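Structure file coords21.csv; described as CSV, C-alpha atoms and all ligand atoms.
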chain,number,residue,atom,x,y,z
P,23,MET,CA,-30.2,0.9,43.4
P,24,LYS,CA,-28.3,-0.4,40.5
P,25,PHE,CA,-25.2,1.5,39.6
P,26,LYS,CA,-24.8,2.9,36.1
P,27,PRO,CA,-21.7,4.7,34.8
P,28,PRO,CA,-22.1,8.4,34.1
P,29,ARG,CA,-23.5,9.3,30.7
P,30,GLU,CA,-20.2,11.0,29.7
P,31,TYR,CA,-18.3,7.8,30.5
P,32,ILE,CA,-20.7,5.7,28.3
P,33,LYS,CA,-20.5,8.2,25.5
P,34,ALA,CA,-16.7,8.3,25.4
P,35,ARG,CA,-16.4,4.5,25.7
P,36,ASP,CA,-18.9,4.0,22.8
P,37,VAL,CA,-17.1,6.5,20.5
P,38,ILE,CA,-13.7,4.9,21.2
P,39,ASN,CA,-15.3,1.4,20.7
P,40,SER,CA,-16.7,2.6,17.3
P,41,LEU,CA,-13.1,3.1,16.0
P,42,PRO,CA,-11.5,0.3,13.9
P,43,GLU,CA,-9.6,-2.4,15.7
P,44,ILE,CA,-10.8,-1.3,19.1
P,45,GLY,CA,-13.1,-3.7,20.9
P,46,PRO,CA,-15.3,-3.0,23.9
P,47,ILE,CA,-12.8,-4.1,26.5
P,48,THR,CA,-10.0,-2.0,25.1
P,49,ALA,CA,-12.4,0.9,24.9
P,50,GLU,CA,-13.3,0.5,28.5
P,51,ARG,CA,-9.7,0.3,29.6
P,52,LEU,CA,-8.7,3.4,27.5
P,53,VAL,CA,-11.5,5.5,29.0
P,54,GLN,CA,-10.5,4.5,32.6
P,55,TYR,CA,-6.8,5.2,31.8
P,56,LEU,CA,-7.7,8.6,30.4
P,57,ILE,CA,-9.8,9.5,33.4
P,58,MET,CA,-6.9,8.6,35.7
P,59,ASN,CA,-4.2,10.3,33.7
P,60,ASP,CA,-4.9,14.0,33.2
P,61,ASP,CA,-1.7,14.8,31.3
P,62,LYS,CA,-2.2,12.0,28.8
P,63,ARG,CA,-5.8,12.9,28.3
P,64,GLU,CA,-5.0,16.6,27.6
P,65,THR,CA,-2.2,15.7,25.2
P,66,LEU,CA,-4.5,13.3,23.3
P,67,ILE,CA,-7.2,16.0,23.0
P,68,ALA,CA,-4.7,18.5,21.7
P,69,ALA,CA,-3.3,15.9,19.2
P,70,LEU,CA,-6.8,15.0,18.0
P,71,LYS,CA,-7.5,18.7,17.3
P,72,LEU,CA,-4.4,18.9,15.1
P,73,LEU,CA,-5.9,16.1,12.9
P,74,ARG,CA,-8.6,18.6,11.7
P,75,ASP,CA,-5.9,20.3,9.6
P,76,LEU,CA,-4.9,17.1,7.8
P,77,LYS,CA,-6.4,15.6,4.6
P,78,PRO,CA,-5.4,13.3,1.8
P,79,CYS,CA,-3.4,14.9,-1.1
P,80,ILE,CA,-5.6,15.6,-4.1
P,81,ASN,CA,-3.1,13.7,-6.4
P,82,CYS,CA,-1.7,10.8,-4.5
P,83,GLY,CA,-3.7,10.3,-1.2
P,84,LEU,CA,-0.7,10.9,1.1
P,85,ILE,CA,-1.7,12.8,4.3
P,86,THR,CA,-0.9,16.5,4.1
P,87,ASP,CA,-1.9,19.9,5.6
P,88,GLU,CA,-2.2,21.4,2.1
P,89,ASP,CA,-4.0,20.4,-1.1
P,90,GLU,CA,-0.8,18.8,-2.5
P,91,CYS,CA,1.7,16.9,-0.5
P,92,ASP,CA,5.5,17.6,-0.5
P,93,VAL,CA,6.2,14.6,-2.7
P,94,CYS,CA,3.8,15.8,-5.4
P,95,LYS,CA,5.3,19.3,-5.2
P,96,ASP,CA,8.8,17.9,-5.6
P,97,GLU,CA,9.7,18.3,-9.2
P,98,LEU,CA,12.9,16.2,-8.9
P,99,ARG,CA,11.2,12.9,-8.2
P,100,ASP,CA,11.6,10.2,-10.8
P,101,PRO,CA,8.6,9.4,-13.1
P,102,VAL,CA,8.0,6.1,-11.2
P,103,VAL,CA,5.1,5.4,-8.9
P,104,LEU,CA,4.9,3.0,-6.0
P,105,VAL,CA,1.3,1.9,-5.4
P,106,VAL,CA,0.6,1.1,-1.7
P,107,LYS,CA,-2.4,0.5,0.5
P,108,THR,CA,-1.7,2.9,3.3
P,109,PRO,CA,0.6,5.9,4.1
P,110,PHE,CA,2.5,3.7,6.6
P,111,GLU,CA,4.4,2.0,3.8
P,112,VAL,CA,5.3,5.4,2.3
P,113,HIS,CA,6.8,6.5,5.6
P,114,ARG,CA,8.8,3.3,5.8
P,115,VAL,CA,10.1,3.7,2.2
P,116,GLU,CA,10.9,7.4,2.8
P,117,ASP,CA,12.9,6.4,6.0
P,118,SER,CA,15.1,4.3,3.8
P,119,GLY,CA,16.1,7.5,2.0
P,120,ARG,CA,16.9,5.6,-1.2
P,121,TYR,CA,13.7,5.7,-3.2
P,122,ASN,CA,13.2,8.8,-5.3
P,123,GLY,CA,9.9,8.0,-7.0
P,124,ARG,CA,6.4,9.0,-6.3
P,125,TYR,CA,3.6,7.2,-4.4
P,126,PHE,CA,-0.1,6.5,-4.8
P,127,VAL,CA,-2.2,5.4,-1.8
P,128,VAL,CA,-5.3,3.4,-2.5
P,129,TYR,CA,-6.5,2.9,1.2
P,130,ASN,CA,-9.0,0.1,0.2
P,131,LEU,CA,-8.6,-3.2,-1.6
P,132,LEU,CA,-11.0,-5.1,-3.7
P,133,SER,CA,-12.2,-8.2,-2.0
P,134,PRO,CA,-13.6,-11.0,-4.3
P,135,ALA,CA,-15.1,-12.7,-1.2
P,136,GLU,CA,-17.0,-9.6,-0.2
P,137,GLY,CA,-18.1,-8.6,-3.7
P,138,LEU,CA,-16.1,-6.3,-5.9
P,139,SER,CA,-17.1,-2.7,-5.1
P,140,MET,CA,-15.0,-1.0,-7.8
P,141,ASP,CA,-16.0,2.5,-6.6
P,142,ARG,CA,-13.9,1.9,-3.5
P,143,ILE,CA,-10.7,2.1,-5.6
P,144,PRO,CA,-9.8,5.5,-7.0
P,145,LYS,CA,-9.0,4.4,-10.6
P,146,GLU,CA,-9.9,7.8,-12.2
P,147,LYS,CA,-7.6,9.6,-9.8
P,148,PHE,CA,-4.9,7.1,-10.5
P,149,LEU,CA,-5.2,7.6,-14.3
P,150,ARG,CA,-5.0,11.4,-13.8
P,151,PHE,CA,-2.0,10.9,-11.6
P,152,ILE,CA,-0.2,8.8,-14.3
P,153,ARG,CA,-0.8,11.6,-16.8
P,154,LYS,CA,0.0,14.5,-14.5
P,155,PHE,CA,3.4,13.2,-13.6
P,156,SER,CA,4.2,11.5,-16.9
P,157,ILE,CA,4.7,8.2,-15.1
P,158,ASN,CA,6.6,5.6,-17.1
P,159,GLU,CA,6.8,2.8,-14.4
P,160,ILE,CA,4.2,1.6,-11.9
P,161,ILE,CA,5.5,-0.5,-9.0
P,162,ILE,CA,2.8,-2.6,-7.4
P,163,GLY,CA,3.4,-2.5,-3.6
P,164,LEU,CA,0.1,-3.8,-2.5
P,165,PRO,CA,-0.2,-6.8,-0.1
P,166,ASN,CA,0.9,-10.0,-1.9
P,167,ASP,CA,-2.5,-11.8,-1.5
P,168,VAL,CA,-5.7,-12.2,-3.5
P,169,LYS,CA,-7.1,-8.8,-2.5
P,170,GLY,CA,-3.8,-7.0,-3.4
P,171,GLU,CA,-3.6,-8.8,-6.8
P,172,VAL,CA,-7.2,-8.1,-7.8
P,173,THR,CA,-6.8,-4.5,-6.9
P,174,ALA,CA,-3.6,-4.2,-8.8
P,175,TYR,CA,-5.2,-5.7,-12.0
P,176,PHE,CA,-8.1,-3.4,-11.7
P,177,LEU,CA,-5.8,-0.3,-11.4
P,178,VAL,CA,-3.5,-1.1,-14.3
P,179,GLU,CA,-6.1,-2.6,-16.6
P,180,GLY,CA,-6.1,-0.8,-20.0
P,181,LEU,CA,-2.9,1.1,-19.3
P,182,LYS,CA,-0.5,1.3,-22.3
P,183,ASP,CA,3.1,2.5,-22.7
P,184,VAL,CA,3.8,2.1,-19.0
P,185,LYS,CA,6.1,-0.5,-17.5
P,186,ILE,CA,4.5,-2.4,-14.7
P,187,THR,CA,6.4,-4.2,-12.0
P,188,LYS,CA,5.8,-5.6,-8.5
P,189,LEU,CA,7.9,-5.9,-5.4
P,190,ALA,CA,10.5,-8.7,-5.2
P,191,SER,CA,8.9,-12.1,-4.4
P,192,GLY,CA,10.8,-12.2,-1.1
P,193,VAL,CA,8.0,-10.2,0.5
P,194,PRO,CA,6.0,-12.7,2.6
P,195,ARG,CA,2.6,-13.5,1.2
P,196,GLY,CA,-0.3,-11.7,2.7
P,197,GLU,CA,1.9,-9.8,5.2
P,198,GLU,CA,1.1,-6.1,5.5
P,199,LEU,CA,4.0,-4.3,3.9
P,200,SER,CA,4.0,-1.7,6.7
P,201,SER,CA,5.2,-4.4,9.1
P,202,LEU,CA,8.5,-4.6,7.1
P,203,ASP,CA,11.5,-2.5,8.1
P,204,SER,CA,12.5,0.2,5.7
P,205,TYR,CA,15.6,-1.7,4.6
P,206,THR,CA,13.7,-4.9,3.6
P,207,LEU,CA,11.0,-2.8,1.9
P,208,TYR,CA,13.6,-0.9,-0.1
P,209,GLU,CA,15.3,-4.1,-1.1
P,210,ALA,CA,11.9,-5.4,-2.3
P,211,ILE,CA,11.6,-2.3,-4.5
P,212,GLU,CA,15.2,-2.5,-5.8
P,213,ASN,CA,14.7,-6.2,-6.7
P,214,ARG,CA,11.3,-5.7,-8.3
P,215,VAL,CA,10.1,-8.1,-11.0
P,216,PRO,CA,7.7,-7.8,-13.9
P,217,PHE,CA,4.0,-7.8,-13.1
P,218,ASP,CA,2.3,-10.2,-15.5
P,219,LEU,CA,-1.0,-9.0,-16.9
G,1,ZN,ZN,0.6,13.9,-3.2

Now, as a test, write the supplied structure out as structure tokens.
Ligand SMILES: [Zn+2]
Amino acid sequence: MKFKPPREYIKARDVINSLPEIGPITAERLVQYLIMNDDKRETLIAALKLLRDLKPCINCGLITDEDECDVCKDELRDPVVLVVKTPFEVHRVEDSGRYNGRYFVVYNLLSPAEGLSMDRIPKEKFLRFIRKFSINEIIIGLPNDVKGEVTAYFLVEGLKDVKITKLASGVPRGEELSSLDSYTLYEAIENRVPFDL
């Protein structure tokens, strides 16, 4: 008789495999590891349950356990916003302890090669954000490649009376900002240059 793994095994493997950046082999290895390591498995289950309480901030998209994140609730922040792709970059910049502006997380980028689906970019939310916090400078901190640039143009198109800058050109092209250490990232903010429309 041909051996087939238990149904539970296949289900768990397929769910893990459906996650981004996890291929079938990694999924298989993870499932086997979690079966063999009770403590890791239970810790993971507990951690995943905690995620149910988290959601993106209604203003800026940062992950929070309330409607508004702590940065949005902080009235002492400067009226400057750093636009980033993911919350990772925010964590890095906050680690530097030297930036006192606000953030806006877009999560998705427009991709000319895959067709421009504008609805993936929260432009209305961004405009509301600019008004709500009386923002006077937008710092583009999106990846320094075609996708990042197209997304940035789409976000700031039509905005008036707001200064628009981007991170210093020292940031390697196409490199995910989250891979930079907090010092380098802060230096890139500090040495920002005008964003030409
Ligand atoms: Zn927020």

- [ ] Compute the set of protein, DNA and RNA residues whose minimum atom distance to ligand ZN 1 (chain G) is at most 6 Å, using only C-alpha atoms and all ligand atoms, and state it as JSON, numbers by chain.
- [x] {"P": [79, 81, 82, 83, 84, 90, 91, 93, 94]}

For the selection you just gave me, I'd like the residues written to a file as a compact mmCIF listing (two decimals), in the frame of the given file, keeping C-alpha atoms.
# COMPACT_ATOMS: atom_id res chain seq x y z
CA CYS P 79 -3.40 14.90 -1.10
CA ASN P 81 -3.10 13.70 -6.40
CA CYS P 82 -1.70 10.80 -4.50
CA GLY P 83 -3.70 10.30 -1.20
CA LEU P 84 -0.70 10.90 1.10
CA GLU P 90 -0.80 18.80 -2.50
CA CYS P 91 1.70 16.90 -0.50
CA VAL P 93 6.20 14.60 -2.70
CA CYS P 94 3.80 15.80 -5.40

Contacts of Gly123 in chain P at 7 Å (all atoms listed in the file; same-chain gap of 2+ positions) as a compact mmCIF listing (two decimals) with C-alpha atoms, in the coordinates of the input:
# COMPACT_ATOMS: atom_id res chain seq x y z
CA ARG P 99 11.20 12.90 -8.20
CA ASP P 100 11.60 10.20 -10.80
CA PRO P 101 8.60 9.40 -13.10
CA VAL P 102 8.00 6.10 -11.20
CA VAL P 103 5.10 5.40 -8.90
CA TYR P 121 13.70 5.70 -3.20
CA TYR P 125 3.60 7.20 -4.40

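Here the question is which of P:Asp92, P:Glu146, P:Glu159, P:Asp75 gets nearest to Lys182 in chain P using all atoms listed in the file, and that residue is P:Glu159.
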
Open item on the list: One number please: CA of Tyr129 in chain P to CA of Thr108 in chain P, in Å, one decimal.
Closed with: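 Here the two named atoms are 5.2 Å from each other.
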
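The space between CA of Ser118 in chain P and CA of Tyr208 in chain P spans 6.7 Å.
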